[in-house]
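One file, coords01.cif, is given below (mmCIF, N, CA, C and O atoms).
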data_run
loop_
_atom_site.label_atom_id
_atom_site.label_comp_id
_atom_site.auth_asym_id
_atom_site.auth_seq_id
_atom_site.Cartn_x
_atom_site.Cartn_y
_atom_site.Cartn_z
N MET A 8 2.58 105.82 32.27
CA MET A 8 2.82 104.53 31.66
C MET A 8 3.38 104.69 30.25
O MET A 8 4.33 104.04 29.88
N PHE A 9 2.78 105.60 29.42
CA PHE A 9 3.24 105.79 28.06
C PHE A 9 4.57 106.53 28.01
O PHE A 9 5.33 106.38 27.07
N ASN A 10 4.84 107.35 29.00
CA ASN A 10 6.11 108.07 29.03
C ASN A 10 7.28 107.11 29.11
O ASN A 10 8.31 107.32 28.48
N THR A 11 7.14 106.05 29.87
CA THR A 11 8.24 105.10 30.00
C THR A 11 8.43 104.32 28.71
O THR A 11 9.56 104.01 28.34
N ILE A 12 7.37 104.04 27.99
CA ILE A 12 7.49 103.32 26.72
C ILE A 12 8.21 104.18 25.69
O ILE A 12 9.10 103.73 24.99
N PHE A 13 7.83 105.46 25.60
CA PHE A 13 8.47 106.35 24.64
C PHE A 13 9.92 106.61 24.99
O PHE A 13 10.76 106.76 24.11
N LEU A 14 10.24 106.65 26.24
CA LEU A 14 11.61 106.91 26.65
C LEU A 14 12.52 105.72 26.35
O LEU A 14 13.71 105.89 26.16
N GLN A 15 11.96 104.53 26.29
CA GLN A 15 12.77 103.34 26.04
C GLN A 15 13.10 103.17 24.56
O GLN A 15 14.02 102.46 24.21
N PHE A 16 12.37 103.82 23.69
CA PHE A 16 12.60 103.68 22.25
C PHE A 16 13.81 104.48 21.85
O PHE A 16 13.92 105.68 22.12
N ASP A 17 14.75 103.82 21.17
CA ASP A 17 15.97 104.48 20.70
C ASP A 17 15.79 104.76 19.21
O ASP A 17 15.96 103.88 18.37
N SER A 18 15.43 105.97 18.88
CA SER A 18 15.12 106.31 17.49
C SER A 18 16.35 106.41 16.60
O SER A 18 16.25 106.34 15.40
N GLY A 19 17.51 106.55 17.17
CA GLY A 19 18.72 106.69 16.39
C GLY A 19 19.32 105.37 15.96
O GLY A 19 20.23 105.32 15.15
N SER A 20 18.82 104.28 16.44
CA SER A 20 19.40 102.98 16.16
C SER A 20 18.92 102.45 14.81
O SER A 20 17.72 102.37 14.54
N LEU A 21 19.86 102.10 13.96
CA LEU A 21 19.53 101.52 12.66
C LEU A 21 18.98 100.11 12.81
O LEU A 21 18.14 99.67 12.03
N ALA A 22 19.43 99.42 13.82
CA ALA A 22 18.99 98.04 14.03
C ALA A 22 17.50 97.95 14.35
O ALA A 22 16.84 96.96 14.03
N SER A 23 16.94 98.99 14.94
CA SER A 23 15.51 98.97 15.26
C SER A 23 14.66 99.15 13.99
O SER A 23 13.50 98.75 13.96
N MET A 24 15.22 99.76 12.97
CA MET A 24 14.49 99.98 11.72
C MET A 24 14.69 98.85 10.72
O MET A 24 13.99 98.78 9.72
N LEU A 25 15.63 97.98 10.96
CA LEU A 25 15.95 96.90 10.03
C LEU A 25 14.78 95.94 9.77
O LEU A 25 14.52 95.61 8.61
N PRO A 26 14.03 95.50 10.77
CA PRO A 26 12.89 94.61 10.48
C PRO A 26 11.82 95.27 9.59
O PRO A 26 11.25 94.62 8.72
N PHE A 27 11.57 96.55 9.80
CA PHE A 27 10.59 97.25 8.97
C PHE A 27 11.07 97.38 7.53
O PHE A 27 10.30 97.21 6.59
N ALA A 28 12.34 97.68 7.37
CA ALA A 28 12.90 97.78 6.02
C ALA A 28 12.86 96.42 5.33
O ALA A 28 12.56 96.33 4.13
N ALA A 29 13.14 95.35 6.07
CA ALA A 29 13.10 94.00 5.50
C ALA A 29 11.67 93.64 5.07
O ALA A 29 11.47 93.04 4.01
N MET A 30 10.68 94.02 5.87
CA MET A 30 9.29 93.73 5.52
C MET A 30 8.88 94.48 4.25
O MET A 30 8.18 93.93 3.39
N ILE A 31 9.33 95.71 4.10
CA ILE A 31 9.00 96.48 2.91
C ILE A 31 9.67 95.87 1.68
O ILE A 31 9.05 95.77 0.61
N LEU A 32 10.91 95.43 1.80
CA LEU A 32 11.59 94.78 0.68
C LEU A 32 10.89 93.48 0.27
O LEU A 32 10.71 93.21 -0.92
N VAL A 33 10.51 92.68 1.25
CA VAL A 33 9.81 91.43 0.95
C VAL A 33 8.48 91.72 0.27
O VAL A 33 8.12 91.07 -0.71
N LEU A 34 7.77 92.71 0.76
CA LEU A 34 6.49 93.10 0.16
C LEU A 34 6.69 93.54 -1.28
O LEU A 34 5.91 93.15 -2.17
N TYR A 35 7.73 94.31 -1.54
CA TYR A 35 7.99 94.79 -2.89
C TYR A 35 8.34 93.64 -3.83
O TYR A 35 7.77 93.53 -4.92
N PHE A 36 9.26 92.77 -3.44
CA PHE A 36 9.73 91.71 -4.34
C PHE A 36 8.75 90.57 -4.52
O PHE A 36 8.78 89.88 -5.53
N PHE A 37 7.87 90.33 -3.57
CA PHE A 37 6.94 89.22 -3.70
C PHE A 37 5.53 89.62 -4.09
O PHE A 37 4.74 88.78 -4.51
N MET A 38 5.18 90.90 -3.97
CA MET A 38 3.82 91.30 -4.30
C MET A 38 3.75 92.42 -5.35
O MET A 38 3.05 92.29 -6.35
N ILE A 39 4.47 93.48 -5.16
CA ILE A 39 4.34 94.65 -6.02
C ILE A 39 5.02 94.44 -7.37
O ILE A 39 4.43 94.67 -8.43
N ARG A 40 6.25 93.97 -7.37
CA ARG A 40 7.01 93.80 -8.61
C ARG A 40 6.37 92.77 -9.55
O ARG A 40 6.23 93.03 -10.75
N PRO A 41 5.96 91.59 -9.06
CA PRO A 41 5.29 90.64 -9.98
C PRO A 41 3.99 91.20 -10.57
O PRO A 41 3.68 90.95 -11.73
N GLN A 42 3.25 91.97 -9.77
CA GLN A 42 2.01 92.55 -10.28
C GLN A 42 2.30 93.57 -11.38
O GLN A 42 1.59 93.64 -12.37
N MET A 43 3.36 94.36 -11.21
CA MET A 43 3.74 95.33 -12.25
C MET A 43 4.15 94.62 -13.53
O MET A 43 3.77 95.06 -14.64
N ASN A 44 4.89 93.52 -13.42
CA ASN A 44 5.28 92.74 -14.60
C ASN A 44 4.06 92.15 -15.30
O ASN A 44 3.97 92.14 -16.53
N ARG A 45 3.11 91.66 -14.52
CA ARG A 45 1.88 91.09 -15.08
C ARG A 45 1.09 92.16 -15.83
O ARG A 45 0.54 91.90 -16.91
N GLN A 46 1.03 93.37 -15.28
CA GLN A 46 0.31 94.45 -15.94
C GLN A 46 0.98 94.86 -17.25
O GLN A 46 0.30 95.15 -18.23
N LYS A 47 2.31 94.87 -17.29
CA LYS A 47 3.03 95.19 -18.51
C LYS A 47 2.75 94.17 -19.60
O LYS A 47 2.53 94.51 -20.77
N LYS A 48 2.76 92.88 -19.23
CA LYS A 48 2.47 91.82 -20.21
C LYS A 48 1.03 91.92 -20.71
O LYS A 48 0.76 91.70 -21.90
N GLU A 49 0.11 92.24 -19.81
CA GLU A 49 -1.30 92.38 -20.19
C GLU A 49 -1.48 93.53 -21.19
O GLU A 49 -2.18 93.39 -22.18
N LYS A 50 -0.84 94.66 -20.95
CA LYS A 50 -0.94 95.80 -21.86
C LYS A 50 -0.32 95.48 -23.22
O LYS A 50 -0.85 95.86 -24.26
N ALA A 51 0.81 94.77 -23.22
CA ALA A 51 1.45 94.38 -24.48
C ALA A 51 0.55 93.42 -25.25
O ALA A 51 0.41 93.53 -26.48
N PHE A 52 -0.10 92.49 -24.57
CA PHE A 52 -1.02 91.55 -25.21
C PHE A 52 -2.19 92.30 -25.83
O PHE A 52 -2.58 92.04 -26.97
N GLN A 53 -2.75 93.24 -25.09
CA GLN A 53 -3.90 93.99 -25.59
C GLN A 53 -3.52 94.90 -26.75
O GLN A 53 -4.32 95.15 -27.63
N ALA A 54 -2.27 95.37 -26.78
CA ALA A 54 -1.83 96.25 -27.87
C ALA A 54 -1.60 95.48 -29.16
O ALA A 54 -1.77 96.03 -30.25
N GLU A 55 -1.25 94.20 -29.07
CA GLU A 55 -0.94 93.42 -30.28
C GLU A 55 -2.10 92.54 -30.73
O GLU A 55 -1.91 91.66 -31.56
N ILE A 56 -3.29 92.80 -30.26
CA ILE A 56 -4.47 92.04 -30.68
C ILE A 56 -4.74 92.30 -32.15
O ILE A 56 -4.71 93.43 -32.61
N LYS A 57 -5.00 91.22 -32.90
CA LYS A 57 -5.24 91.33 -34.34
C LYS A 57 -6.60 90.73 -34.69
O LYS A 57 -7.17 89.95 -33.94
N THR A 58 -7.07 91.08 -35.86
CA THR A 58 -8.33 90.53 -36.36
C THR A 58 -8.17 89.03 -36.60
O THR A 58 -7.16 88.59 -37.13
N GLY A 59 -9.17 88.28 -36.20
CA GLY A 59 -9.16 86.84 -36.41
C GLY A 59 -8.69 86.04 -35.20
O GLY A 59 -8.79 84.82 -35.18
N THR A 60 -8.21 86.71 -34.17
CA THR A 60 -7.73 86.02 -32.97
C THR A 60 -8.91 85.60 -32.10
O THR A 60 -9.84 86.38 -31.89
N LYS A 61 -8.87 84.38 -31.59
CA LYS A 61 -9.89 83.92 -30.65
C LYS A 61 -9.49 84.38 -29.27
O LYS A 61 -8.35 84.18 -28.84
N VAL A 62 -10.43 85.03 -28.57
CA VAL A 62 -10.15 85.58 -27.26
C VAL A 62 -11.29 85.28 -26.29
O VAL A 62 -12.38 84.85 -26.70
N ILE A 63 -11.01 85.53 -25.02
CA ILE A 63 -12.01 85.44 -23.97
C ILE A 63 -11.97 86.75 -23.20
O ILE A 63 -10.89 87.22 -22.84
N THR A 64 -13.11 87.35 -22.96
CA THR A 64 -13.15 88.60 -22.20
C THR A 64 -13.02 88.28 -20.71
O THR A 64 -13.15 87.12 -20.29
N SER A 65 -12.79 89.30 -19.91
CA SER A 65 -12.67 89.09 -18.47
C SER A 65 -14.00 88.67 -17.86
O SER A 65 -14.04 88.10 -16.78
N SER A 66 -15.11 88.92 -18.56
CA SER A 66 -16.42 88.48 -18.08
C SER A 66 -16.76 87.07 -18.54
O SER A 66 -17.81 86.54 -18.18
N GLY A 67 -15.89 86.46 -19.38
CA GLY A 67 -16.08 85.07 -19.77
C GLY A 67 -16.70 84.86 -21.12
O GLY A 67 -17.08 83.73 -21.46
N ILE A 68 -16.84 85.88 -21.92
CA ILE A 68 -17.45 85.74 -23.25
C ILE A 68 -16.38 85.31 -24.25
O ILE A 68 -15.34 85.96 -24.38
N HIS A 69 -16.64 84.21 -24.94
CA HIS A 69 -15.72 83.68 -25.95
C HIS A 69 -16.11 84.24 -27.30
O HIS A 69 -17.29 84.39 -27.60
N GLY A 70 -15.10 84.53 -28.11
CA GLY A 70 -15.40 85.04 -29.44
C GLY A 70 -14.16 85.21 -30.29
O GLY A 70 -13.04 84.92 -29.87
N LYS A 71 -14.39 85.67 -31.50
CA LYS A 71 -13.33 85.89 -32.47
C LYS A 71 -13.35 87.37 -32.85
O LYS A 71 -14.41 87.93 -33.13
N ILE A 72 -12.20 88.01 -32.85
CA ILE A 72 -12.11 89.44 -33.15
C ILE A 72 -12.38 89.67 -34.63
O ILE A 72 -11.74 89.08 -35.48
N THR A 73 -13.35 90.56 -34.91
CA THR A 73 -13.67 90.88 -36.29
C THR A 73 -13.23 92.28 -36.68
O THR A 73 -13.02 92.54 -37.86
N ASP A 74 -13.10 93.19 -35.70
CA ASP A 74 -12.72 94.56 -36.02
C ASP A 74 -11.94 95.16 -34.85
O ASP A 74 -12.30 94.94 -33.69
N VAL A 75 -10.86 95.88 -35.17
CA VAL A 75 -10.06 96.57 -34.16
C VAL A 75 -10.09 98.06 -34.49
O VAL A 75 -9.69 98.46 -35.58
N ASN A 76 -10.58 98.87 -33.54
CA ASN A 76 -10.66 100.32 -33.73
C ASN A 76 -9.64 100.97 -32.81
O ASN A 76 -9.84 101.06 -31.60
N ASN A 77 -8.52 101.43 -33.38
CA ASN A 77 -7.45 102.02 -32.58
C ASN A 77 -7.78 103.41 -32.07
O ASN A 77 -7.27 103.82 -31.02
N THR A 78 -8.61 104.16 -32.77
CA THR A 78 -8.92 105.52 -32.33
C THR A 78 -9.80 105.52 -31.08
O THR A 78 -9.60 106.32 -30.19
N GLU A 79 -10.78 104.62 -31.03
CA GLU A 79 -11.66 104.52 -29.87
C GLU A 79 -11.16 103.50 -28.85
O GLU A 79 -11.74 103.36 -27.78
N ASN A 80 -10.10 102.78 -29.20
CA ASN A 80 -9.53 101.74 -28.33
C ASN A 80 -10.55 100.65 -28.02
O ASN A 80 -10.66 100.18 -26.89
N THR A 81 -11.31 100.25 -29.04
CA THR A 81 -12.31 99.21 -28.88
C THR A 81 -12.07 98.10 -29.89
O THR A 81 -11.35 98.28 -30.87
N ILE A 82 -12.69 96.96 -29.64
CA ILE A 82 -12.66 95.84 -30.56
C ILE A 82 -14.07 95.29 -30.69
O ILE A 82 -14.90 95.45 -29.80
N THR A 83 -14.35 94.65 -31.81
CA THR A 83 -15.64 94.00 -32.02
C THR A 83 -15.39 92.50 -32.05
O THR A 83 -14.53 92.02 -32.78
N ILE A 84 -16.16 91.77 -31.24
CA ILE A 84 -16.02 90.32 -31.13
C ILE A 84 -17.27 89.66 -31.67
O ILE A 84 -18.39 90.06 -31.34
N GLU A 85 -17.05 88.66 -32.50
CA GLU A 85 -18.17 87.88 -33.03
C GLU A 85 -18.36 86.65 -32.14
O GLU A 85 -17.46 85.84 -31.97
N THR A 86 -19.54 86.55 -31.56
CA THR A 86 -19.88 85.40 -30.71
C THR A 86 -20.98 84.61 -31.38
O THR A 86 -21.40 84.94 -32.49
N GLY A 87 -21.45 83.59 -30.71
CA GLY A 87 -22.55 82.80 -31.25
C GLY A 87 -23.83 83.59 -31.36
O GLY A 87 -24.70 83.30 -32.19
N ALA A 88 -23.99 84.62 -30.55
CA ALA A 88 -25.21 85.42 -30.54
C ALA A 88 -25.15 86.63 -31.45
O ALA A 88 -26.16 87.29 -31.67
N GLY A 89 -23.98 86.97 -31.94
CA GLY A 89 -23.84 88.15 -32.80
C GLY A 89 -22.53 88.86 -32.52
O GLY A 89 -21.60 88.29 -31.96
N LYS A 90 -22.47 90.13 -32.92
CA LYS A 90 -21.25 90.91 -32.71
C LYS A 90 -21.44 91.83 -31.51
O LYS A 90 -22.48 92.45 -31.36
N ILE A 91 -20.37 91.93 -30.69
CA ILE A 91 -20.39 92.77 -29.50
C ILE A 91 -19.15 93.64 -29.50
O ILE A 91 -18.06 93.17 -29.80
N LYS A 92 -19.31 94.90 -29.13
CA LYS A 92 -18.19 95.84 -29.07
C LYS A 92 -17.69 95.93 -27.62
O LYS A 92 -18.48 96.08 -26.70
N PHE A 93 -16.36 95.79 -27.44
CA PHE A 93 -15.73 95.83 -26.13
C PHE A 93 -14.58 96.82 -26.12
O PHE A 93 -13.99 97.11 -27.16
N GLU A 94 -14.21 97.26 -24.94
CA GLU A 94 -12.96 97.99 -24.76
C GLU A 94 -11.82 96.98 -24.83
O GLU A 94 -11.99 95.81 -24.49
N ARG A 95 -10.65 97.42 -25.26
CA ARG A 95 -9.48 96.52 -25.32
C ARG A 95 -9.15 95.96 -23.94
O ARG A 95 -8.70 94.83 -23.82
N SER A 96 -9.34 96.76 -22.92
CA SER A 96 -8.97 96.32 -21.57
C SER A 96 -9.88 95.20 -21.06
O SER A 96 -9.55 94.58 -20.05
N ALA A 97 -10.97 94.91 -21.75
CA ALA A 97 -11.87 93.84 -21.33
C ALA A 97 -11.37 92.47 -21.76
O ALA A 97 -11.87 91.44 -21.29
N ILE A 98 -10.36 92.42 -22.63
CA ILE A 98 -9.82 91.14 -23.08
C ILE A 98 -8.84 90.62 -22.03
O ILE A 98 -7.93 91.32 -21.61
N SER A 99 -9.04 89.39 -21.62
CA SER A 99 -8.19 88.79 -20.60
C SER A 99 -7.05 88.00 -21.24
O SER A 99 -7.30 87.05 -21.98
N MET A 100 -5.82 88.39 -20.94
CA MET A 100 -4.66 87.70 -21.49
C MET A 100 -4.58 86.28 -20.92
O MET A 100 -4.34 85.33 -21.66
N GLU A 101 -4.80 86.14 -19.64
CA GLU A 101 -4.67 84.83 -18.99
C GLU A 101 -5.68 83.83 -19.55
O GLU A 101 -5.32 82.71 -19.90
N LEU A 102 -6.94 84.23 -19.66
CA LEU A 102 -7.96 83.33 -20.18
C LEU A 102 -7.77 83.05 -21.66
O LEU A 102 -7.95 81.92 -22.11
N SER A 103 -7.37 84.05 -22.44
CA SER A 103 -7.16 83.87 -23.87
C SER A 103 -5.98 82.95 -24.14
O SER A 103 -6.02 82.13 -25.06
N ASN A 104 -4.93 83.06 -23.36
CA ASN A 104 -3.78 82.17 -23.53
C ASN A 104 -4.13 80.72 -23.18
O ASN A 104 -3.63 79.80 -23.81
N LYS A 105 -5.01 80.52 -22.21
CA LYS A 105 -5.47 79.16 -21.89
C LYS A 105 -6.28 78.59 -23.04
O LYS A 105 -6.20 77.40 -23.33
N LEU A 106 -7.04 79.43 -23.72
CA LEU A 106 -7.84 78.99 -24.87
C LEU A 106 -6.95 78.57 -26.02
O LEU A 106 -7.20 77.56 -26.68
N LEU A 107 -5.89 79.34 -26.26
CA LEU A 107 -5.01 79.08 -27.41
C LEU A 107 -3.92 78.04 -27.12
O LEU A 107 -3.28 77.58 -28.05
N ALA A 108 -3.72 77.69 -25.86
CA ALA A 108 -2.66 76.73 -25.50
C ALA A 108 -3.02 75.33 -25.99
O ALA A 108 -4.18 74.93 -25.94
N PRO A 109 -2.03 74.57 -26.47
CA PRO A 109 -2.31 73.21 -26.92
C PRO A 109 -2.66 72.31 -25.72
O PRO A 109 -2.13 72.49 -24.63
N VAL A 110 -3.56 71.38 -25.95
CA VAL A 110 -4.00 70.48 -24.89
C VAL A 110 -2.93 69.40 -24.67
O VAL A 110 -2.51 68.73 -25.62
N LYS A 111 -2.49 69.23 -23.43
CA LYS A 111 -1.49 68.21 -23.11
C LYS A 111 -2.19 66.92 -22.77
O LYS A 111 -3.18 66.88 -22.05
N LYS A 112 -1.67 65.82 -23.28
CA LYS A 112 -2.26 64.51 -23.00
C LYS A 112 -1.35 63.68 -22.15
O LYS A 112 -0.21 63.81 -22.06
#
As structure tokens - that is how I would like this structure written.
Amino acid sequence: MFNTIFLQFDSGSLASMLPFAAMILVLYFFMIRPQMNRQKKEKAFQAEIKTGTKVITSSGIHGKITDVNNTENTITIETGAGKIKFERSAISMELSNKLLAPVKK
């Protein structure tokens, strides 16, 4: 039964590979490329963080940056409960931009 299936497959035909190539292209342009762009923007946002900026961490903690340590790649955030030290990668660009965006009426 399997011998007949394998014999019917024409491996030399480019037309048989076209749907698979199209699926890979669609996957790349609609999923992989936008994610890579989002990661680049996130890294640029985290690199340009300054003291005094209001931010939100990925865990949802709101605060104001009081200290930036470039050697350890950490930041200190002042919250209502006190000061907390975080890694730069814990700052969420998406949530922080929503916090800083003007409210539309």
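Our summary of the geometry notes that CA of Phe36 in chain A is positioned 20.9 Å from CA of Lys50 in chain A.
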Please return, as a compact mmCIF listing (two decimals) with N, CA, C and O atoms, keeping the file's coordinate frame, all residues of chain A that DSSP assigns to helix (DSSP H, G or I) on the basis of the backbone.
# COMPACT_ATOMS: atom_id res chain seq x y z
N PHE A 9 2.78 105.60 29.42
CA PHE A 9 3.24 105.79 28.06
C PHE A 9 4.57 106.53 28.01
O PHE A 9 5.33 106.38 27.07
N ASN A 10 4.84 107.35 29.00
CA ASN A 10 6.11 108.07 29.03
C ASN A 10 7.28 107.11 29.11
O ASN A 10 8.31 107.32 28.48
N THR A 11 7.14 106.05 29.87
CA THR A 11 8.24 105.10 30.00
C THR A 11 8.43 104.32 28.71
O THR A 11 9.56 104.01 28.34
N ILE A 12 7.37 104.04 27.99
CA ILE A 12 7.49 103.32 26.72
C ILE A 12 8.21 104.18 25.69
O ILE A 12 9.10 103.73 24.99
N PHE A 13 7.83 105.46 25.60
CA PHE A 13 8.47 106.35 24.64
C PHE A 13 9.92 106.61 24.99
O PHE A 13 10.76 106.76 24.11
N LEU A 14 10.24 106.65 26.24
CA LEU A 14 11.61 106.91 26.65
C LEU A 14 12.52 105.72 26.35
O LEU A 14 13.71 105.89 26.16
N GLN A 15 11.96 104.53 26.29
CA GLN A 15 12.77 103.34 26.04
C GLN A 15 13.10 103.17 24.56
O GLN A 15 14.02 102.46 24.21
N LEU A 21 19.86 102.10 13.96
CA LEU A 21 19.53 101.52 12.66
C LEU A 21 18.98 100.11 12.81
O LEU A 21 18.14 99.67 12.03
N ALA A 22 19.43 99.42 13.82
CA ALA A 22 18.99 98.04 14.03
C ALA A 22 17.50 97.95 14.35
O ALA A 22 16.84 96.96 14.03
N SER A 23 16.94 98.99 14.94
CA SER A 23 15.51 98.97 15.26
C SER A 23 14.66 99.15 13.99
O SER A 23 13.50 98.75 13.96
N MET A 24 15.22 99.76 12.97
CA MET A 24 14.49 99.98 11.72
C MET A 24 14.69 98.85 10.72
O MET A 24 13.99 98.78 9.72
N LEU A 25 15.63 97.98 10.96
CA LEU A 25 15.95 96.90 10.03
C LEU A 25 14.78 95.94 9.77
O LEU A 25 14.52 95.61 8.61
N PRO A 26 14.03 95.50 10.77
CA PRO A 26 12.89 94.61 10.48
C PRO A 26 11.82 95.27 9.59
O PRO A 26 11.25 94.62 8.72
N PHE A 27 11.57 96.55 9.80
CA PHE A 27 10.59 97.25 8.97
C PHE A 27 11.07 97.38 7.53
O PHE A 27 10.30 97.21 6.59
N ALA A 28 12.34 97.68 7.37
CA ALA A 28 12.90 97.78 6.02
C ALA A 28 12.86 96.42 5.33
O ALA A 28 12.56 96.33 4.13
N ALA A 29 13.14 95.35 6.07
CA ALA A 29 13.10 94.00 5.50
C ALA A 29 11.67 93.64 5.07
O ALA A 29 11.47 93.04 4.01
N MET A 30 10.68 94.02 5.87
CA MET A 30 9.29 93.73 5.52
C MET A 30 8.88 94.48 4.25
O MET A 30 8.18 93.93 3.39
N ILE A 31 9.33 95.71 4.10
CA ILE A 31 9.00 96.48 2.91
C ILE A 31 9.67 95.87 1.68
O ILE A 31 9.05 95.77 0.61
N LEU A 32 10.91 95.43 1.80
CA LEU A 32 11.59 94.78 0.68
C LEU A 32 10.89 93.48 0.27
O LEU A 32 10.71 93.21 -0.92
N VAL A 33 10.51 92.68 1.25
CA VAL A 33 9.81 91.43 0.95
C VAL A 33 8.48 91.72 0.27
O VAL A 33 8.12 91.07 -0.71
N LEU A 34 7.77 92.71 0.76
CA LEU A 34 6.49 93.10 0.16
C LEU A 34 6.69 93.54 -1.28
O LEU A 34 5.91 93.15 -2.17
N TYR A 35 7.73 94.31 -1.54
CA TYR A 35 7.99 94.79 -2.89
C TYR A 35 8.34 93.64 -3.83
O TYR A 35 7.77 93.53 -4.92
N PHE A 36 9.26 92.77 -3.44
CA PHE A 36 9.73 91.71 -4.34
C PHE A 36 8.75 90.57 -4.52
O PHE A 36 8.78 89.88 -5.53
N PHE A 37 7.87 90.33 -3.57
CA PHE A 37 6.94 89.22 -3.70
C PHE A 37 5.53 89.62 -4.09
O PHE A 37 4.74 88.78 -4.51
N MET A 38 5.18 90.90 -3.97
CA MET A 38 3.82 91.30 -4.30
C MET A 38 3.75 92.42 -5.35
O MET A 38 3.05 92.29 -6.35
N ILE A 39 4.47 93.48 -5.16
CA ILE A 39 4.34 94.65 -6.02
C ILE A 39 5.02 94.44 -7.37
O ILE A 39 4.43 94.67 -8.43
N ARG A 40 6.25 93.97 -7.37
CA ARG A 40 7.01 93.80 -8.61
C ARG A 40 6.37 92.77 -9.55
O ARG A 40 6.23 93.03 -10.75
N PRO A 41 5.96 91.59 -9.06
CA PRO A 41 5.29 90.64 -9.98
C PRO A 41 3.99 91.20 -10.57
O PRO A 41 3.68 90.95 -11.73
N GLN A 42 3.25 91.97 -9.77
CA GLN A 42 2.01 92.55 -10.28
C GLN A 42 2.30 93.57 -11.38
O GLN A 42 1.59 93.64 -12.37
N MET A 43 3.36 94.36 -11.21
CA MET A 43 3.74 95.33 -12.25
C MET A 43 4.15 94.62 -13.53
O MET A 43 3.77 95.06 -14.64
N ASN A 44 4.89 93.52 -13.42
CA ASN A 44 5.28 92.74 -14.60
C ASN A 44 4.06 92.15 -15.30
O ASN A 44 3.97 92.14 -16.53
N ARG A 45 3.11 91.66 -14.52
CA ARG A 45 1.88 91.09 -15.08
C ARG A 45 1.09 92.16 -15.83
O ARG A 45 0.54 91.90 -16.91
N GLN A 46 1.03 93.37 -15.28
CA GLN A 46 0.31 94.45 -15.94
C GLN A 46 0.98 94.86 -17.25
O GLN A 46 0.30 95.15 -18.23
N LYS A 47 2.31 94.87 -17.29
CA LYS A 47 3.03 95.19 -18.51
C LYS A 47 2.75 94.17 -19.60
O LYS A 47 2.53 94.51 -20.77
N LYS A 48 2.76 92.88 -19.23
CA LYS A 48 2.47 91.82 -20.21
C LYS A 48 1.03 91.92 -20.71
O LYS A 48 0.76 91.70 -21.90
N GLU A 49 0.11 92.24 -19.81
CA GLU A 49 -1.30 92.38 -20.19
C GLU A 49 -1.48 93.53 -21.19
O GLU A 49 -2.18 93.39 -22.18
N LYS A 50 -0.84 94.66 -20.95
CA LYS A 50 -0.94 95.80 -21.86
C LYS A 50 -0.32 95.48 -23.22
O LYS A 50 -0.85 95.86 -24.26
N ALA A 51 0.81 94.77 -23.22
CA ALA A 51 1.45 94.38 -24.48
C ALA A 51 0.55 93.42 -25.25
O ALA A 51 0.41 93.53 -26.48
N PHE A 52 -0.10 92.49 -24.57
CA PHE A 52 -1.02 91.55 -25.21
C PHE A 52 -2.19 92.30 -25.83
O PHE A 52 -2.58 92.04 -26.97
N GLN A 53 -2.75 93.24 -25.09
CA GLN A 53 -3.90 93.99 -25.59
C GLN A 53 -3.52 94.90 -26.75
O GLN A 53 -4.32 95.15 -27.63
N ALA A 54 -2.27 95.37 -26.78
CA ALA A 54 -1.83 96.25 -27.87
C ALA A 54 -1.60 95.48 -29.16
O ALA A 54 -1.77 96.03 -30.25
N ARG A 95 -10.65 97.42 -25.26
CA ARG A 95 -9.48 96.52 -25.32
C ARG A 95 -9.15 95.96 -23.94
O ARG A 95 -8.70 94.83 -23.82
N SER A 96 -9.34 96.76 -22.92
CA SER A 96 -8.97 96.32 -21.57
C SER A 96 -9.88 95.20 -21.06
O SER A 96 -9.55 94.58 -20.05
N ALA A 97 -10.97 94.91 -21.75
CA ALA A 97 -11.87 93.84 -21.33
C ALA A 97 -11.37 92.47 -21.76
O ALA A 97 -11.87 91.44 -21.29
N MET A 100 -5.82 88.39 -20.94
CA MET A 100 -4.66 87.70 -21.49
C MET A 100 -4.58 86.28 -20.92
O MET A 100 -4.34 85.33 -21.66
N GLU A 101 -4.80 86.14 -19.64
CA GLU A 101 -4.67 84.83 -18.99
C GLU A 101 -5.68 83.83 -19.55
O GLU A 101 -5.32 82.71 -19.90
N LEU A 102 -6.94 84.23 -19.66
CA LEU A 102 -7.96 83.33 -20.18
C LEU A 102 -7.77 83.05 -21.66
O LEU A 102 -7.95 81.92 -22.11
N SER A 103 -7.37 84.05 -22.44
CA SER A 103 -7.16 83.87 -23.87
C SER A 103 -5.98 82.95 -24.14
O SER A 103 -6.02 82.13 -25.06
N ASN A 104 -4.93 83.06 -23.36
CA ASN A 104 -3.78 82.17 -23.53
C ASN A 104 -4.13 80.72 -23.18
O ASN A 104 -3.63 79.80 -23.81
N LYS A 105 -5.01 80.52 -22.21
CA LYS A 105 -5.47 79.16 -21.89
C LYS A 105 -6.28 78.59 -23.04
O LYS A 105 -6.20 77.40 -23.33
N LEU A 106 -7.04 79.43 -23.72
CA LEU A 106 -7.84 78.99 -24.87
C LEU A 106 -6.95 78.57 -26.02
O LEU A 106 -7.20 77.56 -26.68
N LEU A 107 -5.89 79.34 -26.26
CA LEU A 107 -5.01 79.08 -27.41
C LEU A 107 -3.92 78.04 -27.12
O LEU A 107 -3.28 77.58 -28.05
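The residue that comes closest to Met100 in chain A, out of A:Ile68, A:Lys48, A:Ala88, A:Glu55 and on the basis of all atoms listed in the file, is A:Lys48.
Atom to atom, atom N of Asn76 in chain A and atom C of Met43 in chain A stand 25.2 Å apart.
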As AutoDock Vina command-line options, what would the box around range 73-79 of chain A look like: edges along x, y and z, 3 Å added on every side, centre and edge lengths in Å to one decimal?
--center_x -10.5 --center_y 98.4 --center_z -32.8 --size_x 12.4 --size_y 21.8 --size_z 16.1
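Restricting the calculation to only C-alpha atoms, the smallest distance between Arg95 in chain A and any of A:Met30, A:Val62, A:Ile39, A:Ala108 is found for A:Val62.
Across the model, the gap from CA of Leu102 in chain A to atom C of Thr60 in chain A is 12.2 Å.
DSSP, applied to the backbone of this structure, assigns strand (DSSP E or B) to the following residues of range 57-109 of chain A: Lys61, Val62, Ile63, Thr64, His69, Gly70, Lys71, Ile72, Thr73, Asp74, Val75, Asn76, Thr81, Ile82, Thr83, Ile84, Glu85, Thr86, Gly89, Lys90, Ile91, Lys92, Phe93, Glu94 and Ile98 of chain A.
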Selected residue, from A:Lys71, A:Met24, A:Ala51, A:Lys57, that lies nearest to Lys90 in chain A when counting all atoms listed in the file: A:Lys71
